[in-house]
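Asks: First, the structure itself, so that you have it in front of you.
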Amino acid sequence: MKKIITLAVFVLCICAYSYGQQNVYGGDFEHWRYVPAYHYYEPDSSMFSTLDTLNYTDTPPGITVYRCDTAHSLHYSAKMVTRQIVLSPLTIKIPGVIGTIKINNTTQSAILGIPYPYGTALPTRFSGYYQSYPILNDSSAAVLLLSKWNPTLPGRDTLAYNRLAFHGTINSWTAFDIPVTYRDHF
């Protein structure tokens with residue numbers, strides 16, 4: 001029987017950067033912009049956004065990412081919460097997600113990823129800091145996926161993939177730092 005998780009709270013701050021290369025702008029989640037029409041904060045970054053844009057639709061509030069006033073360094077971090085909204089007879093789970101994701105309201109689809117803005121320099125490390133407060137044996141994760149468009153498929157070819165799962169309560173800021181894992185065919 002599947003467990004139904006009604007609320008999972010994650011606090012995850014990914015200060016993503018590559019050693020010896022240009023840092024990812026906004027990866028420290030220090031800068032936020034207020035969206036006054038819908039009363040929430042969104043990362044002020046050319047790379048990162050949240051699913052909070054779903055709050056533009058006529059649904060119950062689905063805010064899942066918050067500006068948090070605790071951080072490993074500086075002032076702010078991102079706090080992510082999984083929520084359920086009830087649109088009878090449906091109950092929809094919205095995960096707390098922050099990343100290179102945009103919602104296309106016209107096609108009702110997600111746009112995943114953005115063009116890599118740093119020229120030919122490839123990332124070599126995936127690093128950052130996190131805290132985690134799971135509920136009901138849930139977990140949180142940090143994921144790095146690099147891909148390129150293959151017009152012959154047509155579809156994406158995965159160049160690199162890293163996934164770190166965080167289990168259990170982690171009360172203090174904890175570092176992670178692993179090499180970026182590139183696929184053999186790249």
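Identifiers for the structure tokens are assigned positionally: chains receive A, B, ... in sequence, residues are indexed from 1 per chain, and ligands are indexed from 1 in the order shown.
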If we count only C-alpha atoms, what is near A:Arg33 at a cut-off of 9 Å, once residues fewer than 2 positions away on the same chain are taken out, given as number ranges by chain?

Replies: A: 31, 35, 40-44

Asks: Of the candidates A:Ala142, A:Trp149, A:Tyr130, A:Arg67, which one gets nearest to A:Ile170 if we count only C-alpha atoms?

Replies: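 Under the stated criterion, the closest residue is A:Tyr130.
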
Asks: Grab the atom CA of A:Leu146 to atom CA of A:Asn104 distance for me, in Å with one decimal place.

Replies: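 The value is 21.1 Å.
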
Asks: Counting only C-alpha atoms, figure out which residue out of A:Val81, A:Cys68, A:Leu145, A:Leu136 gets nearest to A:Gly99.

Replies: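 The answer is A:Leu145, which sits nearest to A:Gly99.
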
Asks: As an exercise, work out the distance from atom CA of A:Leu164 to atom CA of A:Gln108 in Å and give it to one decimal place.

Replies: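 If I compute the distance from atom CA of A:Leu164 to atom CA of A:Gln108, I get 29.0 Å.
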
Asks: What gap, in Å, lies between atom CA of A:Pro134 and atom CA of A:Ala165?

Replies: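 According to the coordinates, atom CA of A:Pro134 and atom CA of A:Ala165 are separated by 11.6 Å.
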
Asks: With DSSP run on the backbone, what are the strand (DSSP E or B) residues within stretch 6-181 of chain A? I'd like them as a ChimeraX atom specification.

Replies: /A:8-13,32-35,40-43,49-50,65-68,77-87,90-94,98-99,101-104,109-112,125-133,139-150,155-167,170-179

Asks: Which residues are near A:Gly96? Cut-off 6 Å, only C-alpha atoms, ignore same chain within fewer than 5 positions. Put them as a count of residues only.

Replies: 5

Asks: Under the rule that only C-alpha atoms are counted, which of A:Ser172, A:Asn162, A:Ser46, A:Ser132 is the nearest residue to A:Thr100?

Replies: A:Ser46

Asks: When DSSP is applied to the backbone of this structure, which of stretch 48-161 of chain A are assigned helix (DSSP H, G or I)? Write them out as a VMD selection string.

Replies: chain A and resid 51 to 56

Asks: Find the residues near A:Ile63: any atom within 8 Å, counting only C-alpha atoms, skip ones fewer than 3 places away on the same chain, and give them as a PDB file with N, CA, C and O atoms, in the first residue's frame.

Replies:
ATOM      1  N   TYR A  40       4.388  36.339  -2.918  1.00  0.00           N
ATOM      2  CA  TYR A  40       5.452  35.386  -2.612  1.00  0.00           C
ATOM      3  C   TYR A  40       6.772  35.888  -3.185  1.00  0.00           C
ATOM      4  O   TYR A  40       6.803  36.810  -3.989  1.00  0.00           O
ATOM      5  N   LEU A  51       8.123  26.298  -8.757  1.00  0.00           N
ATOM      6  CA  LEU A  51       6.769  25.981  -9.215  1.00  0.00           C
ATOM      7  C   LEU A  51       5.737  26.923  -8.617  1.00  0.00           C
ATOM      8  O   LEU A  51       4.545  26.751  -8.838  1.00  0.00           O
ATOM      9  N   ASP A  52       6.181  27.928  -7.865  1.00  0.00           N
ATOM     10  CA  ASP A  52       5.252  28.893  -7.280  1.00  0.00           C
ATOM     11  C   ASP A  52       4.501  29.672  -8.348  1.00  0.00           C
ATOM     12  O   ASP A  52       3.470  30.272  -8.060  1.00  0.00           O
ATOM     13  N   ASN A  55       0.823  29.419  -8.761  1.00  0.00           N
ATOM     14  CA  ASN A  55      -0.081  30.231  -7.972  1.00  0.00           C
ATOM     15  C   ASN A  55      -0.791  31.289  -8.815  1.00  0.00           C
ATOM     16  O   ASN A  55      -1.710  31.935  -8.349  1.00  0.00           O
ATOM     17  N   TYR A  66      10.088  29.108  -0.236  1.00  0.00           N
ATOM     18  CA  TYR A  66      10.088  30.332   0.548  1.00  0.00           C
ATOM     19  C   TYR A  66      11.500  30.865   0.716  1.00  0.00           C
ATOM     20  O   TYR A  66      12.449  30.091   0.797  1.00  0.00           O
ATOM     21  N   ARG A  83       3.380  20.464  -0.871  1.00  0.00           N
ATOM     22  CA  ARG A  83       2.006  20.813  -0.497  1.00  0.00           C
ATOM     23  C   ARG A  83       1.016  19.970  -1.290  1.00  0.00           C
ATOM     24  O   ARG A  83       1.327  19.474  -2.359  1.00  0.00           O
TER      25      ARG A  83
END

Asks: Which residue out of A:Ala175, A:Ser49, A:Leu144, A:Asp138 has the minimum interatomic distance to A:Ala110 when only C-alpha atoms are used?

Replies: A:Ser49
